[in-house]
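Chemist: Got data-v1.pdb for you, PDB, C-alpha atoms:
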MODEL        1
ATOM      1  CA  SER A   1       6.193  -0.418   0.879
ATOM      2  CA  HIS A   2       6.846  -3.895  -0.550
ATOM      3  CA  LEU A   3       8.940  -6.856   0.519
ATOM      4  CA  VAL A   4       9.378  -9.318  -2.343
ATOM      5  CA  SER A   5      11.901 -12.030  -3.148
ATOM      6  CA  ALA A   6      12.679 -13.377  -6.610
ATOM      7  CA  PRO A   7      10.925 -16.700  -7.335
ATOM      8  CA  GLU A   8      14.221 -18.564  -7.601
ATOM      9  CA  ALA A   9      15.330 -17.205  -4.191
ATOM     10  CA  ARG A  10      12.253 -18.305  -2.281
ATOM     11  CA  ARG A  11      12.589 -20.928   0.469
ATOM     12  CA  THR A  12      16.288 -20.068   0.832
ATOM     13  CA  GLY A  13      15.973 -17.824   3.920
ATOM     14  CA  VAL A  14      16.174 -14.542   2.021
ATOM     15  CA  GLY A  15      12.695 -13.511   3.227
ATOM     16  CA  ARG A  16      13.705 -14.125   6.844
ATOM     17  CA  ARG A  17      16.856 -12.037   6.372
ATOM     18  CA  LEU A  18      14.845  -9.211   4.765
ATOM     19  CA  MET A  19      12.284  -9.224   7.583
ATOM     20  CA  THR A  20      15.047  -9.262  10.204
ATOM     21  CA  GLU A  21      16.668  -6.209   8.619
ATOM     22  CA  VAL A  22      13.335  -4.367   8.294
ATOM     23  CA  ALA A  23      12.614  -5.044  11.975
ATOM     24  CA  ARG A  24      16.100  -3.886  12.985
ATOM     25  CA  ARG A  25      15.775  -0.622  11.074
ATOM     26  CA  ALA A  26      12.288  -0.023  12.463
ATOM     27  CA  ARG A  27      13.510  -0.567  16.051
ATOM     28  CA  ASP A  28      16.435   1.799  15.430
ATOM     29  CA  LEU A  29      13.884   4.445  14.381
ATOM     30  CA  GLY A  30      11.924   3.942  17.590
ATOM     31  CA  CYS A  31       9.105   1.789  16.241
ATOM     32  CA  SER A  32       7.603  -0.734  18.645
ATOM     33  CA  VAL A  33       4.815  -2.240  16.514
ATOM     34  CA  MET A  34       4.971  -3.741  13.032
ATOM     35  CA  ARG A  35       1.904  -3.926  10.806
ATOM     36  CA  LEU A  36       1.744  -5.328   7.291
ATOM     37  CA  ASN A  37      -0.688  -6.546   4.654
ATOM     38  CA  VAL A  38      -0.499  -9.876   2.867
ATOM     39  CA  LYS A  39      -2.776 -11.759   0.501
ATOM     40  CA  PRO A  40      -4.822 -14.272   2.556
ATOM     41  CA  ASP A  41      -3.789 -17.173   0.295
ATOM     42  CA  ASN A  42      -0.048 -16.470   0.614
ATOM     43  CA  VAL A  43       0.486 -19.272   3.141
ATOM     44  CA  PRO A  44       4.332 -19.234   3.114
ATOM     45  CA  ALA A  45       4.470 -15.471   3.752
ATOM     46  CA  ILE A  46       1.885 -15.691   6.543
ATOM     47  CA  ALA A  47       3.907 -18.468   8.197
ATOM     48  CA  LEU A  48       7.054 -16.318   7.959
ATOM     49  CA  TYR A  49       5.308 -13.312   9.525
ATOM     50  CA  GLU A  50       3.813 -15.462  12.287
ATOM     51  CA  SER A  51       7.307 -16.759  13.076
ATOM     52  CA  PHE A  52       8.254 -13.113  13.746
ATOM     53  CA  GLY A  53       5.409 -12.811  16.263
ATOM     54  CA  LEU A  54       2.852 -11.109  14.046
ATOM     55  CA  SER A  55      -0.786 -12.159  14.420
ATOM     56  CA  ARG A  56      -3.766 -11.901  12.101
ATOM     57  CA  VAL A  57      -5.729  -8.769  12.998
ATOM     58  CA  PHE A  58      -8.360  -8.216  10.294
ATOM     59  CA  THR A  59      -9.161  -8.504   6.612
ATOM     60  CA  SER A  60      -9.553  -5.572   4.222
ATOM     61  CA  ARG A  61     -11.270  -5.480   0.873
ATOM     62  CA  ALA A  62     -10.396  -3.145  -1.974
ATOM     63  CA  MET A  63     -13.235  -2.669  -4.424
ATOM     64  CA  LYS A  64     -14.383  -0.337  -7.153
ATOM     65  CA  ILE A  65     -17.815   1.102  -7.861
ATOM     66  CA  PRO A  66     -18.827   2.906 -11.058
ATOM     67  CA  TRP A  67     -20.350   6.299 -10.287
ATOM     68  CA  SER A  68     -23.226   5.300 -12.582
ATOM     69  CA  VAL A  69     -24.029   2.495 -10.127
ATOM     70  CA  VAL A  70     -23.878   4.916  -7.186
ATOM     71  CA  GLU A  71     -26.244   7.275  -9.008
ATOM     72  CA  GLY A  72     -28.691   4.400  -9.463
ATOM     73  CA  TRP A  73     -28.941   3.518  -5.781
ATOM     74  CA  PRO A  74     -32.509   4.059  -4.563
ATOM     75  CA  ALA A  75     -33.114   6.740  -1.936
ATOM     76  CA  GLU A  76     -34.090   4.106   0.640
ATOM     77  CA  ALA A  77     -30.605   2.557   0.336
ATOM     78  CA  THR A  78     -28.919   5.890   1.160
ATOM     79  CA  PRO A  79     -31.190   7.497   3.792
ATOM     80  CA  PHE A  80     -28.376   9.506   5.398
ATOM     81  CA  SER A  81     -26.929  11.161   2.264
ATOM     82  CA  ASP A  82     -28.401  14.554   3.086
ATOM     83  CA  GLU A  83     -26.982  14.353   6.610
ATOM     84  CA  ALA A  84     -23.368  13.943   5.449
ATOM     85  CA  ARG A  85     -21.363  17.015   6.368
ATOM     86  CA  GLU A  86     -17.765  18.161   6.384
ATOM     87  CA  VAL A  87     -15.606  16.990   9.283
ATOM     88  CA  GLY A  88     -14.286  19.997  11.181
ATOM     89  CA  PRO A  89     -11.122  20.024  13.321
ATOM     90  CA  SER A  90     -13.264  20.178  16.464
ATOM     91  CA  ASP A  91     -14.863  16.855  15.436
ATOM     92  CA  ASP A  92     -11.593  14.960  15.025
ATOM     93  CA  ALA A  93     -10.721  13.578  18.462
ATOM     94  CA  ARG A  94     -14.159  12.302  19.394
ATOM     95  CA  LEU A  95     -14.821  10.979  15.883
ATOM     96  CA  GLU A  96     -11.489   9.136  15.736
ATOM     97  CA  ALA A  97     -12.074   7.571  19.138
ATOM     98  CA  ALA A  98     -15.655   6.527  18.326
ATOM     99  CA  THR A  99     -14.797   5.006  14.942
ATOM    100  CA  ARG A 100     -11.443   3.396  15.875
ATOM    101  CA  LEU A 101      -9.310   5.627  13.674
ATOM    102  CA  ASP A 102      -5.740   6.442  14.686
ATOM    103  CA  ALA A 103      -5.487   9.734  16.566
ATOM    104  CA  GLY A 104      -4.412  12.532  14.253
ATOM    105  CA  LEU A 105      -5.374  10.724  11.045
ATOM    106  CA  LEU A 106      -8.192  13.123  10.134
ATOM    107  CA  ALA A 107      -5.986  16.193  10.620
ATOM    108  CA  GLU A 108      -3.306  14.595   8.426
ATOM    109  CA  ASP A 109      -5.837  13.842   5.685
ATOM    110  CA  ARG A 110      -7.338  17.334   5.916
ATOM    111  CA  ALA A 111      -3.885  18.824   5.288
ATOM    112  CA  ARG A 112      -3.405  16.829   2.075
ATOM    113  CA  PRO A 113      -4.548  18.381  -1.190
ATOM    114  CA  GLY A 114      -7.653  16.979  -2.834
ATOM    115  CA  ARG A 115      -9.066  15.338   0.305
ATOM    116  CA  VAL A 116     -12.731  15.657   1.283
ATOM    117  CA  LEU A 117     -13.664  14.519   4.811
ATOM    118  CA  LYS A 118     -17.304  13.774   5.598
ATOM    119  CA  MET A 119     -19.222  12.412   8.515
ATOM    120  CA  ILE A 120     -22.741  11.424   9.454
ATOM    121  CA  GLY A 121     -23.942  12.029  12.990
ATOM    122  CA  ARG A 122     -22.855  14.354  15.749
ATOM    123  CA  PRO A 123     -19.731  13.488  17.765
ATOM    124  CA  GLU A 124     -21.246  15.023  20.863
ATOM    125  CA  THR A 125     -24.169  12.568  20.785
ATOM    126  CA  ARG A 126     -24.400   8.789  20.195
ATOM    127  CA  ASP A 127     -21.196   6.979  19.174
ATOM    128  CA  ASP A 128     -23.168   4.158  17.539
ATOM    129  CA  ALA A 129     -24.590   6.534  14.921
ATOM    130  CA  LEU A 130     -21.269   7.987  13.761
ATOM    131  CA  ALA A 131     -19.866   7.352  10.290
ATOM    132  CA  VAL A 132     -16.813   8.921   8.659
ATOM    133  CA  ALA A 133     -14.930   8.653   5.377
ATOM    134  CA  VAL A 134     -12.168  10.422   3.478
ATOM    135  CA  PHE A 135     -12.347  10.880  -0.290
ATOM    136  CA  ASP A 136      -9.149  11.401  -2.271
ATOM    137  CA  THR A 137     -10.361  13.174  -5.404
ATOM    138  CA  GLY A 138      -7.089  12.597  -7.227
ATOM    139  CA  PHE A 139      -7.000   8.808  -6.930
ATOM    140  CA  PRO A 140     -10.118   8.699  -6.831
ATOM    141  CA  GLY A 141     -10.698   6.636  -3.724
ATOM    142  CA  ILE A 142     -12.380   6.432  -0.349
ATOM    143  CA  TYR A 143     -10.186   5.421   2.594
ATOM    144  CA  PRO A 144     -10.697   5.155   5.433
ATOM    145  CA  ILE A 145     -14.407   4.532   5.755
ATOM    146  CA  ARG A 146     -16.037   3.635   9.060
ATOM    147  CA  ALA A 147     -19.784   3.107   9.290
ATOM    148  CA  PRO A 148     -22.185   1.484  11.741
ATOM    149  CA  SER A 149     -24.416   0.173   8.931
ATOM    150  CA  VAL A 150     -24.468  -0.462   5.193
ATOM    151  CA  ALA A 151     -26.932   2.441   4.803
ATOM    152  CA  HIS A 152     -24.426   4.808   6.437
ATOM    153  CA  ALA A 153     -21.630   3.560   4.155
ATOM    154  CA  LEU A 154     -23.724   3.868   0.993
ATOM    155  CA  SER A 155     -24.834   7.340   2.058
ATOM    156  CA  LEU A 156     -21.234   8.474   2.541
ATOM    157  CA  VAL A 157     -20.176   7.094  -0.842
ATOM    158  CA  ARG A 158     -23.079   8.851  -2.534
ATOM    159  CA  SER A 159     -22.266  12.136  -0.770
ATOM    160  CA  PHE A 160     -18.834  12.178  -2.444
ATOM    161  CA  ARG A 161     -20.259  11.983  -5.974
ATOM    162  CA  ALA A 162     -20.498  15.773  -6.216
ATOM    163  CA  HIS A 163     -16.749  16.031  -5.493
ATOM    164  CA  ALA A 164     -15.621  13.602  -8.217
ATOM    165  CA  ARG A 165     -13.654  14.926 -11.174
ATOM    166  CA  PRO A 166     -15.671  15.043 -14.409
ATOM    167  CA  GLY A 167     -13.532  12.433 -16.186
ATOM    168  CA  ASP A 168     -13.608   9.848 -13.397
ATOM    169  CA  ASP A 169     -16.180   7.129 -14.002
ATOM    170  CA  LEU A 170     -15.601   5.092 -10.835
ATOM    171  CA  VAL A 171     -14.427   5.272  -7.259
ATOM    172  CA  HIS A 172     -12.163   2.876  -5.369
ATOM    173  CA  VAL A 173     -13.185   1.985  -1.810
ATOM    174  CA  MET A 174     -11.039   0.252   0.822
ATOM    175  CA  VAL A 175     -12.987  -1.285   3.694
ATOM    176  CA  GLU A 176     -10.955  -2.369   6.719
ATOM    177  CA  ASP A 177     -12.183  -4.779   9.383
ATOM    178  CA  GLN A 178     -15.881  -4.322   8.533
ATOM    179  CA  PRO A 179     -16.995  -7.466   6.672
ATOM    180  CA  ALA A 180     -20.693  -6.535   6.781
ATOM    181  CA  ILE A 181     -19.972  -3.143   5.191
ATOM    182  CA  ALA A 182     -17.828  -4.749   2.483
ATOM    183  CA  GLU A 183     -20.547  -7.318   1.741
ATOM    184  CA  GLY A 184     -23.141  -4.543   1.608
ATOM    185  CA  LEU A 185     -21.132  -2.575  -0.942
ATOM    186  CA  LEU A 186     -20.606  -5.699  -3.044
ATOM    187  CA  ALA A 187     -24.354  -6.382  -2.904
ATOM    188  CA  HIS A 188     -24.946  -2.851  -4.199
ATOM    189  CA  GLY A 189     -22.741  -3.134  -7.292
ATOM    190  CA  ALA A 190     -19.157  -2.880  -6.080
ATOM    191  CA  THR A 191     -16.579  -5.202  -7.646
ATOM    192  CA  LEU A 192     -13.915  -6.841  -5.493
ATOM    193  CA  LYS A 193     -10.381  -6.001  -6.651
ATOM    194  CA  LEU A 194      -8.260  -7.348  -3.824
ATOM    195  CA  GLU A 195      -8.540  -8.882  -0.390
ATOM    196  CA  MET A 196      -5.757  -8.318   2.128
ATOM    197  CA  LEU A 197      -5.007  -9.763   5.551
ATOM    198  CA  THR A 198      -3.538  -7.311   8.057
ATOM    199  CA  MET A 199      -1.053  -8.737  10.546
ATOM    200  CA  GLN A 200       0.479  -6.964  13.510
ATOM    201  CA  GLY A 201       2.949  -7.655  16.252
ATOM    202  CA  PRO A 202       5.933  -6.395  18.229
TER     203      PRO A 202
ENDMDL
END
Using the file provided, produce a representation of the structure as structure tokens.
Modeler:
Amino acid sequence: SHLVSAPEARRTGVGRRLMTEVARRARDLGCSVMRLNVKPDNVPAIALYESFGLSRVFTSRAMKIPWSVVEGWPAEATPFSDEAREVGPSDDARLEAATRLDAGLLAEDRARPGRVLKMIGRPETRDDALAVAVFDTGFPGIYPIRAPSVAHALSLVRSFRAHARPGDDLVHVMVEDQPAIAEGLLAHGATLKLEMLTMQGP
């Protein structure tokens, strides 16, 4: 889950040797694609990963939102909250395809304890009105979240409030490859914790 070299070992080739070994082991296991996250300002690491053929794919933002802030959102900011419903197994394939989620991800999340899966819209109708998110009550956090608008994203976040544990005063949200959604959450009281660049390649 992490590849790190000691400060005194940096710029000695140890990172290249570690990456080479990771790639070898992954190939031996049948993997054909490598994906990783790196801080956008980590220029030496990005250069190393690019030298292995990885390219920049998208940026993700991890943020946190106090539930008290969510509760204070006006109704006009969350017009779809009442439409949020549980994602059923029959929704999975179409919903994953429409929202660019990996096939099988929703079934995997549904099988994990403490996960709540919600969607807005009907998979059998317009793709551009579909929103989906998974809430991990134990973390507590929302990931993934896919939404066509800030209003859809805010509505999904609000719909999870009823599932939060009594002692939890905030929720973590990870937004991948949706800068407008991330900006919308920040404008509505979220606090940025971390920004990550996702890179991918053979």
Chemist: Produce a table with one row for each residue of range 69-89 of chain A that has an atom at most 6 Å from any atom of range 113-124 of chain A, each row naming the nearest atom pair and its distance in Å at one decimal; use all atoms listed in the file; arrange rows by chain and rising residue number; format as JSON lines.
Modeler:
{"residue": "A:Glu83", "atom": "CA", "partner": "A:Ile120", "partner_atom": "CA", "distance": 5.9}
{"residue": "A:Ala84", "atom": "CA", "partner": "A:Ile120", "partner_atom": "CA", "distance": 4.8}
{"residue": "A:Arg85", "atom": "CA", "partner": "A:Lys118", "partner_atom": "CA", "distance": 5.3}
{"residue": "A:Glu86", "atom": "CA", "partner": "A:Lys118", "partner_atom": "CA", "distance": 4.5}
{"residue": "A:Val87", "atom": "CA", "partner": "A:Lys118", "partner_atom": "CA", "distance": 5.2}
Chemist: Restricting the calculation to only C-alpha atoms, which member of A:Pro44, A:Gly13, A:Gly138, A:Pro79 is positioned closest to Val157 in chain A?
Modeler: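 The shortest atom-to-atom distance to Val157 in chain A comes from A:Pro79.
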Chemist: Using the chain letters and residue numbers of this document, give as a ChimeraX atom specification the residues selected by the PyMOL selection byres ((chain A and resi 66) around 7).
Modeler: /A:64-65,67-70,169-171
Chemist: Grab the CA of Asn42 in chain A to CA of Arg17 in chain A distance for me, in Å with one decimal place.
Modeler: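 Pair CA of Asn42 in chain A / CA of Arg17 in chain A returns 18.4 Å.
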Chemist: For Thr198 in chain A, which residue among A:Val150, A:Cys31, A:Ala6, A:Leu36 is the nearest when counting all atoms listed in the file?
Modeler: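 For Thr198 in chain A, the nearest of the candidates is A:Leu36.
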Chemist: From the list A:Ala147, A:His2, A:Glu21, A:Phe160, which residue is nearest Asp177 in chain A when using only C-alpha atoms?
Modeler: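 Of A:Ala147, A:His2, A:Glu21, A:Phe160, the one nearest Asp177 in chain A, counting only C-alpha atoms, is A:Ala147.
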Chemist: Suppose a student applies the PyMOL selection byres ((chain A and resi 200) around 6) to this structure; what residues should they get, written as an mmCIF file with C-alpha atoms, in the frame of the given file?
Modeler:
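As a result, expr04.cif now contains:
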data_model
loop_
_atom_site.group_PDB
_atom_site.id
_atom_site.type_symbol
_atom_site.label_atom_id
_atom_site.label_comp_id
_atom_site.auth_asym_id
_atom_site.auth_seq_id
_atom_site.Cartn_x
_atom_site.Cartn_y
_atom_site.Cartn_z
ATOM 1 C CA MET A 34 4.971 -3.741 13.032
ATOM 2 C CA ARG A 35 1.904 -3.926 10.806
ATOM 3 C CA LEU A 54 2.852 -11.109 14.046
ATOM 4 C CA SER A 55 -0.786 -12.159 14.420
ATOM 5 C CA MET A 199 -1.053 -8.737 10.546
ATOM 6 C CA GLY A 201 2.949 -7.655 16.252
#
